[in-house]
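A.B. asks: If you scroll down you'll find the structure; I have some questions about it.
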2 protein chains.
Amino acid sequence: MGRFIKGGTVEMYNSPSVKAFAAAVGKKEGDGPLAKHFDYIGEDITFGAGSHGKDSWEKAESVLQQKALSLALRKGDLGENDIDIIFAGDLLNQCVASGYAARDYEIPFIGLYGACSTMAESLALAAVFIENGLGGNAAAMTSSHYCTAERQFRFPVNYGSHRTPTSQWTATAAGCAIVTPRMPESPPPYIYSVTFGRVKDYGIKDANNMGAAMAGAAYATISTHLTNTGKTIDDFDYIVTGDLGLVGSEVMYDLFDKDRINIKKKHKDCGLMLYDLETQDVHAGGSGCGCGAGVLCGYFMREISAGKLKNILFTATGALMSPTILQQGESIPGIAHAIHIGNG
Amino acid sequence: MGRFIKGGTVEMYNSPSVKAFAAAVGKKEGDGPLAKHFDYIGEDITFGAGSHGKDSWEKAESVLQQKALSLALRKGDLGENDIDIIFAGDLLNQCVASGYAARDYEIPFIGLYGACSTMAESLALAAVFIENGLGGNAAAMTSSHYCTAERQFRFPVNYGSHRTPTSQWTATAAGCAIVTPRMPESPPPYIYSVTFGRVKDYGIKDANNMGAAMAGAAYATISTHLTNTGKTIDDFDYIVTGDLGLVGSEVMYDLFDKDRINIKKKHKDCGLMLYDLETQDVHAGGSGCGCGAGVLCGYFMREISAGKLKNILFTATGALMSPTILQQGESIPGIAHAIHIGNG
């Protein structure tokens, strides 16, 4: 059933189990500090162009998302037919990475758009469905690809444009988590509660400063989640954000400082974990749906499974603008969805 | 609770009530045969440019979607604070019509991408949430706009390009439905069951023949819904599709003919109802998220409320391609979600 609390929170009574999870990433991500946590590291960013005839970056991104799903299925000892529903989305126009990935499966599909919040949005909806008995296994997945995102949102990478100091590096990565009802023998991770966020706009207009645009949404959703569930940041090992990066994280700290909450001591940002900021030239950190998805379904889920972490509040944030609407002078609204994941 | 049936169907035990609904449309749609059923008809397609400072078509589309929401709120005697969650999406890149519409409300927001299936996708999810006690009022809404869609998917209207005979006219329209738990005194419409569809690709590559690309998805989802619920087309006054248009409807009839089901006798397509095909120069009919949304939240919901219709299976279909991926030679996958709405 779950209990709905005004403000968008659902507290689960049965805390659904994440039966399987997988992260598939590109070469650059596989050269980063989390390399050993990924289930698949591609040798190049085409993921089989030639051998599979996937001759565009968009198709490569679909292949990467399929890779994450197929790896999660294998790890969970599941077949395609065991999955009752897929929740997925991505950054591309008309979410084609997800739509074309799902085309190859006979599985009911719920397409989402939450920009870089999609891993949290999809996993929260999967948990809600499973909590309420709506299916035996629900898959939540998303992806991003450096080359598809750059040419769509900024400049084609072939142009060799200079990147600004506040810019973030869109991760070439995909994550998939399969949620199932919790039984006495179900291993962790478990999902205890989720909060669906509101669209928040703090007036940022710089498409090269997405972290700042999303920080307010992270602040709003984390605050709501804590209030609604009666928890504090000390109930968690980490408050994890998706891809605020260096700039956005500082903005979020400032917002919490006003509430006299020192969130910095508990904070981890997937965008600051995926790459080595000293050597990998990603400027303000990683970003993209795949950033939070890859770090959650690679690193954090494993750490929770292994008992090394007990509780995290995973809060992926998304920037909801399009290039067209930025050209019209609009500011960038953000959104964040939060999920309490743990092993208790 | 609801009962989940393999294949994506949720049967509701409590059949949530559509407490309020509204349709807001543009001038051309207001000149069509359904004019008297709409709650708002704009005088031009800018919906207040100048007076509201909404100086782009994208912003105009957001205003139209807000119009549908605010009208539904007023008709339901509800305030913004009564809505616990919004499910919304649209056709635009990064779903900006919905994201920017939701920015002005302090309501948790779940962003969707289902192309022209979005009214069914959003309404089905809203019904699932309400059926399971997750909120007191959930809003489902979507929109499309002729000028935003044409320039994004085909050519800017200013070019004056010729349209092909199979092309459809993207509706400038928005619809909003507010779903609430059914009480003994709750008036219809009620939602009895929903089926979330799979992504189906029949190999169509022509962006000017979207109806044909979506027909297979409609066939698949309607067939699954009937099988899973043990119903036949004779249990419904109408099987309603979103925007198959002239060409797509014929393709769907052919597919059902092979199963010896004469669906034509029960079929209504919103794309063939919104305009007068003889005089309004829309070629194969209307299309766009707003087409199904406007006709559902304008015409069909009213007819069900008034007792003139008892049962419909509303099946909105979406084409999930992007212009980029079509240029890469890909075919167009479709999806359809179905909702059984009635007054019994």
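In the structure tokens, the first chain shown is A, the next is B, and so on; residue numbers restart at 1 for each chain, and ligands run from 1 in the order shown.
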Return as a list in words the residues belonging to chain B that are within 6 Å of chain A, counting only C-alpha atoms.
C.D. replies: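 On the chain B side, the interface is Phe4, Gly8, Asn93, Gln94, Arg103, Ile107, Pro108, Phe109, Gly111, Leu112, Tyr113, Gly114, Leu134, Gly135, Phe196, Gly197, Arg198, Val199 and Ser322 of chain B.
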A.B. asks: Would you save the residues from that selection as a short mmCIF file (atom, residue, chain, number, x, y, z; two decimals), in the first residue's frame, using all heavy atoms?
C.D. replies:
data_model
loop_
_atom_site.label_atom_id
_atom_site.label_comp_id
_atom_site.auth_asym_id
_atom_site.auth_seq_id
_atom_site.Cartn_x
_atom_site.Cartn_y
_atom_site.Cartn_z
N PHE B 4 -2.95 -6.43 -10.68
CA PHE B 4 -2.08 -6.36 -11.85
C PHE B 4 -2.18 -7.65 -12.63
O PHE B 4 -2.08 -8.74 -12.08
CB PHE B 4 -0.63 -6.14 -11.41
CG PHE B 4 0.31 -5.89 -12.57
CD1 PHE B 4 0.47 -4.62 -13.08
CD2 PHE B 4 1.01 -6.94 -13.15
CE1 PHE B 4 1.33 -4.39 -14.16
CE2 PHE B 4 1.86 -6.72 -14.22
CZ PHE B 4 2.02 -5.44 -14.72
N GLY B 8 0.52 -5.76 -18.46
CA GLY B 8 0.44 -4.33 -18.19
C GLY B 8 -0.90 -3.81 -17.74
O GLY B 8 -1.10 -2.60 -17.68
N ASN B 93 10.77 18.96 -27.22
CA ASN B 93 12.05 18.53 -26.69
C ASN B 93 12.12 18.87 -25.20
O ASN B 93 11.79 19.97 -24.78
CB ASN B 93 13.19 19.27 -27.42
CG ASN B 93 13.28 18.90 -28.88
OD1 ASN B 93 12.70 17.90 -29.31
ND2 ASN B 93 14.01 19.68 -29.66
N GLN B 94 12.54 17.85 -24.42
CA GLN B 94 12.65 17.99 -22.97
C GLN B 94 11.31 18.37 -22.32
O GLN B 94 11.27 18.88 -21.20
CB GLN B 94 13.74 19.00 -22.60
CG GLN B 94 15.16 18.51 -22.84
CD GLN B 94 15.51 18.40 -24.31
OE1 GLN B 94 15.43 19.37 -25.05
NE2 GLN B 94 15.87 17.21 -24.75
N ARG B 103 6.07 24.74 -13.30
CA ARG B 103 6.95 25.62 -12.52
C ARG B 103 6.18 26.59 -11.64
O ARG B 103 6.66 27.03 -10.60
CB ARG B 103 7.84 26.38 -13.51
CG ARG B 103 8.82 27.32 -12.92
CD ARG B 103 9.71 27.89 -14.01
NE ARG B 103 8.99 28.73 -14.97
CZ ARG B 103 9.58 29.55 -15.83
NH1 ARG B 103 10.90 29.62 -15.87
NH2 ARG B 103 8.88 30.28 -16.67
N ILE B 107 3.36 21.85 -6.60
CA ILE B 107 2.74 20.53 -6.61
C ILE B 107 3.77 19.52 -7.10
O ILE B 107 4.41 19.74 -8.13
CB ILE B 107 1.52 20.50 -7.56
CG1 ILE B 107 0.51 21.60 -7.19
CG2 ILE B 107 0.86 19.12 -7.53
CD1 ILE B 107 -0.65 21.74 -8.18
N PRO B 108 3.96 18.40 -6.38
CA PRO B 108 4.87 17.36 -6.87
C PRO B 108 4.53 16.97 -8.30
O PRO B 108 3.35 16.85 -8.66
CB PRO B 108 4.64 16.21 -5.88
CG PRO B 108 4.27 16.90 -4.61
CD PRO B 108 3.43 18.07 -5.05
N PHE B 109 5.58 16.77 -9.09
CA PHE B 109 5.43 16.66 -10.54
C PHE B 109 6.15 15.42 -11.05
O PHE B 109 7.34 15.23 -10.79
CB PHE B 109 6.05 17.92 -11.17
CG PHE B 109 6.10 17.91 -12.68
CD1 PHE B 109 4.96 18.18 -13.42
CD2 PHE B 109 7.29 17.65 -13.35
CE1 PHE B 109 5.01 18.19 -14.82
CE2 PHE B 109 7.34 17.67 -14.74
CZ PHE B 109 6.19 17.94 -15.48
N GLY B 111 7.14 13.90 -14.50
CA GLY B 111 7.24 14.20 -15.92
C GLY B 111 7.22 12.92 -16.74
O GLY B 111 7.89 11.95 -16.41
N LEU B 112 6.45 12.94 -17.82
CA LEU B 112 6.28 11.76 -18.66
C LEU B 112 6.69 12.07 -20.09
O LEU B 112 6.60 13.21 -20.53
CB LEU B 112 4.81 11.34 -18.67
CG LEU B 112 4.15 11.10 -17.31
CD1 LEU B 112 2.68 10.77 -17.51
CD2 LEU B 112 4.86 9.99 -16.54
N TYR B 113 7.13 11.05 -20.80
CA TYR B 113 7.20 11.17 -22.25
C TYR B 113 6.54 9.96 -22.89
O TYR B 113 7.06 8.85 -22.81
CB TYR B 113 8.62 11.35 -22.80
CG TYR B 113 8.51 11.63 -24.28
CD1 TYR B 113 8.06 12.87 -24.71
CD2 TYR B 113 8.70 10.64 -25.23
CE1 TYR B 113 7.84 13.13 -26.05
CE2 TYR B 113 8.49 10.89 -26.57
CZ TYR B 113 8.06 12.13 -26.98
OH TYR B 113 7.82 12.38 -28.31
N GLY B 114 5.43 10.20 -23.52
CA GLY B 114 4.73 9.13 -24.23
C GLY B 114 4.25 9.63 -25.58
O GLY B 114 3.39 9.02 -26.20
N LEU B 134 -2.65 6.86 -2.81
CA LEU B 134 -1.47 7.75 -2.86
C LEU B 134 -1.90 9.14 -3.30
O LEU B 134 -1.63 9.58 -4.42
CB LEU B 134 -0.42 7.15 -3.80
CG LEU B 134 0.00 5.72 -3.42
CD1 LEU B 134 0.95 5.16 -4.46
CD2 LEU B 134 0.63 5.68 -2.04
N GLY B 135 -2.56 9.83 -2.41
CA GLY B 135 -3.00 11.18 -2.70
C GLY B 135 -4.51 11.28 -2.78
O GLY B 135 -5.21 10.28 -3.01
N PHE B 196 -1.04 -0.58 -19.66
CA PHE B 196 0.17 0.11 -20.13
C PHE B 196 0.76 -0.71 -21.28
O PHE B 196 0.98 -1.92 -21.14
CB PHE B 196 1.18 0.24 -18.99
CG PHE B 196 0.71 1.12 -17.87
CD1 PHE B 196 0.23 0.58 -16.69
CD2 PHE B 196 0.71 2.50 -18.01
CE1 PHE B 196 -0.22 1.39 -15.65
CE2 PHE B 196 0.25 3.33 -16.98
CZ PHE B 196 -0.21 2.77 -15.80
N GLY B 197 1.00 -0.06 -22.39
CA GLY B 197 1.40 -0.77 -23.60
C GLY B 197 2.90 -0.97 -23.75
O GLY B 197 3.71 -0.45 -22.98
N ARG B 198 3.24 -1.78 -24.74
CA ARG B 198 4.63 -2.05 -25.11
C ARG B 198 5.02 -1.19 -26.30
O ARG B 198 4.16 -0.67 -27.01
CB ARG B 198 4.75 -3.52 -25.50
CG ARG B 198 4.56 -4.49 -24.35
CD ARG B 198 4.15 -5.86 -24.86
NE ARG B 198 2.76 -5.86 -25.28
CZ ARG B 198 2.20 -6.76 -26.10
NH1 ARG B 198 2.92 -7.73 -26.59
NH2 ARG B 198 0.93 -6.68 -26.43
N VAL B 199 6.30 -1.04 -26.51
CA VAL B 199 6.80 -0.31 -27.68
C VAL B 199 6.78 -1.26 -28.87
O VAL B 199 7.37 -2.34 -28.82
CB VAL B 199 8.23 0.21 -27.44
CG1 VAL B 199 8.73 0.96 -28.66
CG2 VAL B 199 8.28 1.11 -26.20
N SER B 322 12.47 10.64 -32.87
CA SER B 322 12.89 12.04 -32.92
C SER B 322 13.32 12.35 -34.35
O SER B 322 13.66 11.44 -35.11
CB SER B 322 14.06 12.29 -31.97
OG SER B 322 15.24 11.71 -32.49
#
A.B. asks: Just list as a tab-separated table (two decimals) with N, CA, C and O atoms, in the first residue's frame whatever in region 132-273 of chain A DSSP marks as strand (DSSP E or B).
C.D. replies:
chain	number	residue	atom	x	y	z
A	138	ALA	N	9.70	-4.93	-11.46
A	138	ALA	CA	9.63	-3.69	-12.24
A	138	ALA	C	11.05	-3.19	-12.47
A	138	ALA	O	11.85	-3.15	-11.53
A	139	ALA	N	11.36	-2.84	-13.70
A	139	ALA	CA	12.69	-2.33	-14.02
A	139	ALA	C	12.67	-0.81	-14.10
A	139	ALA	O	11.76	-0.22	-14.68
A	140	ALA	N	13.68	-0.19	-13.49
A	140	ALA	CA	13.87	1.26	-13.58
A	140	ALA	C	15.21	1.48	-14.26
A	140	ALA	O	16.21	0.90	-13.83
A	141	MET	N	15.23	2.29	-15.31
A	141	MET	CA	16.51	2.47	-15.99
A	141	MET	C	16.61	3.79	-16.72
A	141	MET	O	15.61	4.43	-17.03
A	142	THR	N	17.83	4.18	-16.97
A	142	THR	CA	18.09	5.41	-17.70
A	142	THR	C	19.52	5.39	-18.21
A	142	THR	O	20.31	4.53	-17.85
A	143	SER	N	19.82	6.37	-19.06
A	143	SER	CA	21.15	6.45	-19.66
A	143	SER	C	21.46	7.87	-20.07
A	143	SER	O	20.58	8.72	-20.16
A	144	SER	N	22.74	8.13	-20.30
A	144	SER	CA	23.13	9.34	-21.02
A	144	SER	C	24.41	9.02	-21.77
A	144	SER	O	25.07	8.01	-21.52
A	169	TRP	N	30.57	17.33	-17.25
A	169	TRP	CA	30.80	16.36	-18.31
A	169	TRP	C	29.68	15.31	-18.29
A	169	TRP	O	29.53	14.58	-17.32
A	170	THR	N	28.89	15.29	-19.38
A	170	THR	CA	27.79	14.32	-19.43
A	170	THR	C	28.35	12.91	-19.47
A	170	THR	O	29.13	12.56	-20.36
A	173	ALA	N	26.91	6.54	-19.65
A	173	ALA	CA	26.64	5.52	-18.63
A	173	ALA	C	25.15	5.20	-18.60
A	173	ALA	O	24.32	6.02	-19.00
A	174	ALA	N	24.84	4.01	-18.14
A	174	ALA	CA	23.46	3.60	-17.96
A	174	ALA	C	23.36	2.78	-16.68
A	174	ALA	O	24.32	2.10	-16.29
A	175	GLY	N	22.21	2.85	-16.05
A	175	GLY	CA	21.97	2.05	-14.86
A	175	GLY	C	20.59	1.42	-14.93
A	175	GLY	O	19.67	2.00	-15.52
A	176	CYS	N	20.47	0.26	-14.34
A	176	CYS	CA	19.17	-0.42	-14.28
A	176	CYS	C	19.02	-1.07	-12.92
A	176	CYS	O	19.96	-1.71	-12.42
A	177	ALA	N	17.86	-0.90	-12.30
A	177	ALA	CA	17.55	-1.56	-11.03
A	177	ALA	C	16.23	-2.28	-11.18
A	177	ALA	O	15.29	-1.75	-11.77
A	178	ILE	N	16.17	-3.49	-10.67
A	178	ILE	CA	14.95	-4.28	-10.76
A	178	ILE	C	14.37	-4.45	-9.36
A	178	ILE	O	15.03	-4.96	-8.46
A	179	VAL	N	13.13	-3.96	-9.22
A	179	VAL	CA	12.49	-3.91	-7.91
A	179	VAL	C	11.47	-5.03	-7.81
A	179	VAL	O	10.73	-5.30	-8.77
A	180	THR	N	11.43	-5.66	-6.66
A	180	THR	CA	10.57	-6.83	-6.46
A	180	THR	C	10.00	-6.78	-5.04
A	180	THR	O	10.57	-6.12	-4.17
A	190	TYR	N	16.86	-2.29	0.15
A	190	TYR	CA	15.43	-2.10	0.26
A	190	TYR	C	15.10	-0.61	0.04
A	190	TYR	O	15.94	0.25	0.30
A	191	ILE	N	13.86	-0.38	-0.38
A	191	ILE	CA	13.41	1.01	-0.57
A	191	ILE	C	12.35	1.31	0.48
A	191	ILE	O	11.31	0.65	0.53
A	192	TYR	N	12.63	2.30	1.32
A	192	TYR	CA	11.75	2.61	2.45
A	192	TYR	C	10.73	3.71	2.16
A	192	TYR	O	9.63	3.69	2.68
A	193	SER	N	11.16	4.69	1.41
A	193	SER	CA	10.28	5.82	1.15
A	193	SER	C	10.82	6.61	-0.03
A	193	SER	O	12.01	6.51	-0.35
A	194	VAL	N	9.92	7.33	-0.66
A	194	VAL	CA	10.32	8.17	-1.80
A	194	VAL	C	9.60	9.51	-1.67
A	194	VAL	O	8.54	9.59	-1.06
A	195	THR	N	10.19	10.54	-2.23
A	195	THR	CA	9.51	11.83	-2.33
A	195	THR	C	9.62	12.34	-3.76
A	195	THR	O	10.73	12.48	-4.29
A	200	LYS	N	11.20	23.62	-9.46
A	200	LYS	CA	11.68	24.82	-8.77
A	200	LYS	C	12.59	25.61	-9.73
A	200	LYS	O	13.46	25.04	-10.36
A	201	ASP	N	12.40	26.90	-9.76
A	201	ASP	CA	13.20	27.74	-10.66
A	201	ASP	C	13.84	28.87	-9.87
A	201	ASP	O	13.15	29.70	-9.30
A	238	TYR	N	24.82	8.78	4.02
A	238	TYR	CA	25.05	9.84	3.04
A	238	TYR	C	23.74	10.38	2.49
A	238	TYR	O	22.79	9.61	2.28
A	239	ILE	N	23.72	11.66	2.24
A	239	ILE	CA	22.71	12.27	1.38
A	239	ILE	C	23.38	12.37	0.01
A	239	ILE	O	24.37	13.09	-0.15
A	240	VAL	N	22.86	11.63	-0.94
A	240	VAL	CA	23.52	11.51	-2.24
A	240	VAL	C	22.75	12.31	-3.29
A	240	VAL	O	21.54	12.09	-3.47
A	241	THR	N	23.41	13.22	-3.96
A	241	THR	CA	22.77	13.91	-5.09
A	241	THR	C	23.33	13.34	-6.39
A	241	THR	O	24.38	12.70	-6.42
A	267	HIS	N	27.20	14.75	2.66
A	267	HIS	CA	26.88	14.81	1.24
A	267	HIS	C	27.87	14.09	0.34
A	267	HIS	O	29.08	14.21	0.50
A	268	LYS	N	27.33	13.35	-0.60
A	268	LYS	CA	28.10	12.80	-1.71
A	268	LYS	C	27.36	13.15	-2.99
A	268	LYS	O	26.14	13.03	-3.05
A	269	ASP	N	28.09	13.57	-4.00
A	269	ASP	CA	27.48	13.87	-5.29
A	269	ASP	C	28.05	12.91	-6.33
A	269	ASP	O	29.27	12.82	-6.49
A.B. asks: If you count only C-alpha atoms, which residues fall within 12 Å of Ser287 (chain B), apart from same-chain ones fewer than 6 positions away, as number ranges by chain?
C.D. replies: B: 29, 91, 115-117, 143-146, 149-150, 166-173, 208-211, 214, 241-246, 248, 269-275, 293-295, 316-319
A.B. asks: With N, CA and C atoms retained, could you export that selection as a tab-separated table (two decimals), in the first residue's frame?
C.D. replies:
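As a result, result_27.tsv now contains:
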chain	number	residue	atom	x	y	z
B	29	GLU	N	-9.32	24.70	-33.67
B	29	GLU	CA	-10.05	23.61	-33.00
B	29	GLU	C	-11.43	24.11	-32.55
B	91	LEU	N	4.93	16.94	-26.32
B	91	LEU	CA	5.73	16.52	-27.48
B	91	LEU	C	7.07	17.23	-27.58
B	115	ALA	N	4.84	10.75	-26.05
B	115	ALA	CA	4.38	11.39	-27.28
B	115	ALA	C	2.85	11.55	-27.20
B	116	CYS	N	2.14	11.24	-28.28
B	116	CYS	CA	0.69	11.50	-28.29
B	116	CYS	C	-0.10	10.53	-27.43
B	117	SER	N	0.58	9.59	-26.76
B	117	SER	CA	-0.13	8.71	-25.82
B	117	SER	C	-0.21	9.33	-24.43
B	143	SER	N	-0.53	18.61	-23.52
B	143	SER	CA	-0.85	19.65	-24.50
B	143	SER	C	-0.07	19.40	-25.77
B	144	SER	N	-0.52	20.03	-26.84
B	144	SER	CA	0.32	20.17	-28.04
B	144	SER	C	-0.06	21.49	-28.70
B	145	HIS	N	0.79	21.93	-29.61
B	145	HIS	CA	0.59	23.22	-30.26
B	145	HIS	C	1.08	23.07	-31.69
B	146	TYR	N	0.25	23.46	-32.64
B	146	TYR	CA	0.59	23.28	-34.05
B	146	TYR	C	1.95	23.88	-34.39
B	149	ALA	N	5.06	22.14	-32.64
B	149	ALA	CA	5.30	20.78	-33.13
B	149	ALA	C	5.82	20.80	-34.56
B	150	GLU	N	5.21	21.65	-35.42
B	150	GLU	CA	5.63	21.64	-36.82
B	150	GLU	C	7.09	22.02	-36.96
B	166	THR	N	-0.94	12.08	-46.37
B	166	THR	CA	-1.06	11.26	-45.15
B	166	THR	C	-0.76	12.05	-43.88
B	167	SER	N	-0.30	13.29	-44.03
B	167	SER	CA	0.09	14.05	-42.85
B	167	SER	C	-1.13	14.42	-42.02
B	168	GLN	N	-0.89	14.64	-40.72
B	168	GLN	CA	-1.98	15.02	-39.81
B	168	GLN	C	-1.66	16.41	-39.24
B	169	TRP	N	-2.68	17.03	-38.72
B	169	TRP	CA	-2.57	18.40	-38.23
B	169	TRP	C	-2.41	18.37	-36.71
B	170	THR	N	-1.26	18.82	-36.23
B	170	THR	CA	-1.05	18.80	-34.78
B	170	THR	C	-2.01	19.77	-34.11
B	171	ALA	N	-2.80	19.27	-33.21
B	171	ALA	CA	-3.82	20.08	-32.54
B	171	ALA	C	-3.17	21.07	-31.58
B	172	THR	N	-3.72	22.27	-31.56
B	172	THR	CA	-3.37	23.23	-30.53
B	172	THR	C	-4.43	23.07	-29.44
B	173	ALA	N	-4.07	22.29	-28.44
B	173	ALA	CA	-5.09	21.91	-27.45
B	173	ALA	C	-4.41	21.35	-26.21
B	208	ASN	N	5.61	11.76	-41.98
B	208	ASN	CA	4.33	12.31	-42.39
B	208	ASN	C	3.25	11.24	-42.46
B	209	ASN	N	3.52	10.11	-41.84
B	209	ASN	CA	2.51	9.05	-41.80
B	209	ASN	C	2.52	8.40	-40.42
B	210	MET	N	2.34	9.25	-39.43
B	210	MET	CA	2.44	8.81	-38.03
B	210	MET	C	1.32	7.85	-37.65
B	211	GLY	N	0.16	8.05	-38.25
B	211	GLY	CA	-0.98	7.18	-37.91
B	211	GLY	C	-0.64	5.73	-38.17
B	214	MET	N	1.64	4.21	-35.61
B	214	MET	CA	1.06	3.98	-34.28
B	214	MET	C	-0.04	2.92	-34.27
B	241	THR	N	-9.50	5.86	-30.19
B	241	THR	CA	-8.06	6.06	-30.32
B	241	THR	C	-7.75	7.55	-30.34
B	242	GLY	N	-6.47	7.87	-30.08
B	242	GLY	CA	-6.09	9.26	-29.93
B	242	GLY	C	-6.00	9.99	-31.24
B	243	ASP	N	-5.10	9.53	-32.10
B	243	ASP	CA	-4.89	10.28	-33.34
B	243	ASP	C	-4.30	9.40	-34.43
B	244	LEU	N	-5.00	8.31	-34.70
B	244	LEU	CA	-4.56	7.46	-35.81
B	244	LEU	C	-4.86	8.11	-37.15
B	245	GLY	N	-5.89	8.93	-37.19
B	245	GLY	CA	-6.24	9.59	-38.44
B	245	GLY	C	-6.78	8.60	-39.47
B	246	LEU	N	-6.95	9.07	-40.69
B	246	LEU	CA	-7.55	8.25	-41.75
B	246	LEU	C	-6.70	7.03	-42.07
B	248	GLY	N	-4.00	5.64	-40.35
B	248	GLY	CA	-3.74	4.74	-39.22
B	248	GLY	C	-4.96	3.94	-38.83
B	269	ASP	N	-11.97	7.93	-33.60
B	269	ASP	CA	-10.61	8.45	-33.48
B	269	ASP	C	-10.69	9.95	-33.21
B	270	CYS	N	-10.05	10.38	-32.13
B	270	CYS	CA	-10.11	11.81	-31.78
B	270	CYS	C	-9.59	12.67	-32.93
B	271	GLY	N	-8.60	12.15	-33.64
B	271	GLY	CA	-8.04	12.89	-34.77
B	271	GLY	C	-9.02	13.07	-35.91
B	272	LEU	N	-10.04	12.24	-35.97
B	272	LEU	CA	-11.07	12.36	-37.01
B	272	LEU	C	-12.31	13.08	-36.51
B	273	MET	N	-12.29	13.44	-35.22
B	273	MET	CA	-13.45	14.11	-34.63
B	273	MET	C	-13.20	15.61	-34.40
B	274	LEU	N	-11.92	15.95	-34.21
B	274	LEU	CA	-11.60	17.31	-33.76
B	274	LEU	C	-11.84	18.35	-34.86
B	275	TYR	N	-11.60	17.94	-36.11
B	275	TYR	CA	-11.75	18.88	-37.22
B	275	TYR	C	-12.79	18.36	-38.20
B	293	ALA	N	-6.24	14.50	-25.81
B	293	ALA	CA	-6.54	15.13	-24.52
B	293	ALA	C	-7.75	16.05	-24.62
B	294	GLY	N	-7.77	16.86	-25.67
B	294	GLY	CA	-8.87	17.81	-25.84
B	294	GLY	C	-10.20	17.12	-26.09
B	295	VAL	N	-10.17	16.09	-26.94
B	295	VAL	CA	-11.42	15.39	-27.27
B	295	VAL	C	-11.88	14.54	-26.08
B	316	ALA	N	-4.88	6.13	-26.29
B	316	ALA	CA	-4.07	7.13	-26.99
B	316	ALA	C	-2.76	6.49	-27.42
B	317	THR	N	-2.36	6.82	-28.62
B	317	THR	CA	-1.14	6.24	-29.20
B	317	THR	C	-0.07	7.30	-29.37
B	318	GLY	N	1.17	6.90	-29.25
B	318	GLY	CA	2.29	7.83	-29.44
B	318	GLY	C	3.33	7.26	-30.38
B	319	ALA	N	3.96	8.13	-31.16
B	319	ALA	CA	5.08	7.75	-32.03
B	319	ALA	C	6.35	8.24	-31.35
A.B. asks: What's the separation between CA of Phe47 (chain A) and CA of Cys291 (chain A), in Å to one decimal place?
C.D. replies: 17.4 Å
A.B. asks: Among region 97-256 of chain B, which residues does DSSP mark as alpha helix (DSSP H) when it is run on the backbone? Keep the chain and numbering as in the structure and answer as a ChimeraX atom specification.
C.D. replies: /B:97-102,118-131,146-153,210-229,245-256
A.B. asks: Would you mind exporting the chosen residues as a CSV table (one decimal), in the first residue's frame, restricted to C-alpha atoms?
C.D. replies:
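And here is the file that came out, selection32.csv:
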chain,number,residue,atom,x,y,z
B,97,ALA,CA,5.5,22.8,-22.2
B,98,SER,CA,4.8,20.7,-19.1
B,99,GLY,CA,7.9,21.5,-17.1
B,100,TYR,CA,7.4,25.3,-17.5
B,101,ALA,CA,3.7,25.0,-16.9
B,102,ALA,CA,4.3,23.1,-13.6
B,118,THR,CA,0.5,11.1,-22.9
B,119,MET,CA,-3.1,11.7,-22.0
B,120,ALA,CA,-3.7,8.0,-21.5
B,121,GLU,CA,-0.3,7.5,-19.8
B,122,SER,CA,-0.8,10.3,-17.4
B,123,LEU,CA,-4.5,9.5,-16.6
B,124,ALA,CA,-3.6,5.8,-16.1
B,125,LEU,CA,-0.8,6.7,-13.7
B,126,ALA,CA,-3.1,9.1,-11.8
B,127,ALA,CA,-5.7,6.4,-11.5
B,128,VAL,CA,-3.2,3.9,-10.2
B,129,PHE,CA,-1.9,6.4,-7.6
B,130,ILE,CA,-5.5,7.3,-6.4
B,131,GLU,CA,-6.6,3.6,-6.4
B,146,TYR,CA,0.6,23.3,-34.0
B,147,CYS,CA,3.4,25.8,-34.4
B,148,THR,CA,5.8,24.3,-31.8
B,149,ALA,CA,5.3,20.8,-33.1
B,150,GLU,CA,5.6,21.6,-36.8
B,151,ARG,CA,8.9,23.5,-36.5
B,152,GLN,CA,10.3,20.9,-34.2
B,153,PHE,CA,9.3,17.7,-36.0
B,210,MET,CA,2.4,8.8,-38.0
B,211,GLY,CA,-1.0,7.2,-37.9
B,212,ALA,CA,0.3,4.1,-39.7
B,213,ALA,CA,3.3,4.0,-37.3
B,214,MET,CA,1.1,4.0,-34.3
B,215,ALA,CA,-1.7,1.7,-35.5
B,216,GLY,CA,0.2,-1.5,-34.5
B,217,ALA,CA,0.6,-0.2,-31.0
B,218,ALA,CA,-3.1,0.5,-30.7
B,219,TYR,CA,-3.9,-3.0,-32.0
B,220,ALA,CA,-1.5,-4.6,-29.5
B,221,THR,CA,-2.7,-2.6,-26.5
B,222,ILE,CA,-6.4,-2.9,-27.2
B,223,SER,CA,-6.0,-6.6,-27.8
B,224,THR,CA,-4.1,-7.1,-24.6
B,225,HIS,CA,-6.7,-5.1,-22.6
B,226,LEU,CA,-9.6,-7.1,-23.9
B,227,THR,CA,-7.9,-10.4,-23.3
B,228,ASN,CA,-6.7,-9.4,-19.8
B,229,THR,CA,-10.1,-8.1,-18.7
B,245,GLY,CA,-6.2,9.6,-38.4
B,246,LEU,CA,-7.5,8.2,-41.7
B,247,VAL,CA,-4.5,6.2,-42.7
B,248,GLY,CA,-3.7,4.7,-39.2
B,249,SER,CA,-7.4,3.8,-38.6
B,250,GLU,CA,-7.5,1.7,-41.7
B,251,VAL,CA,-4.2,0.0,-40.8
B,252,MET,CA,-5.7,-0.8,-37.4
B,253,TYR,CA,-8.9,-2.2,-39.0
B,254,ASP,CA,-6.8,-4.5,-41.1
B,255,LEU,CA,-4.9,-5.8,-38.1
B,256,PHE,CA,-8.1,-6.5,-36.2
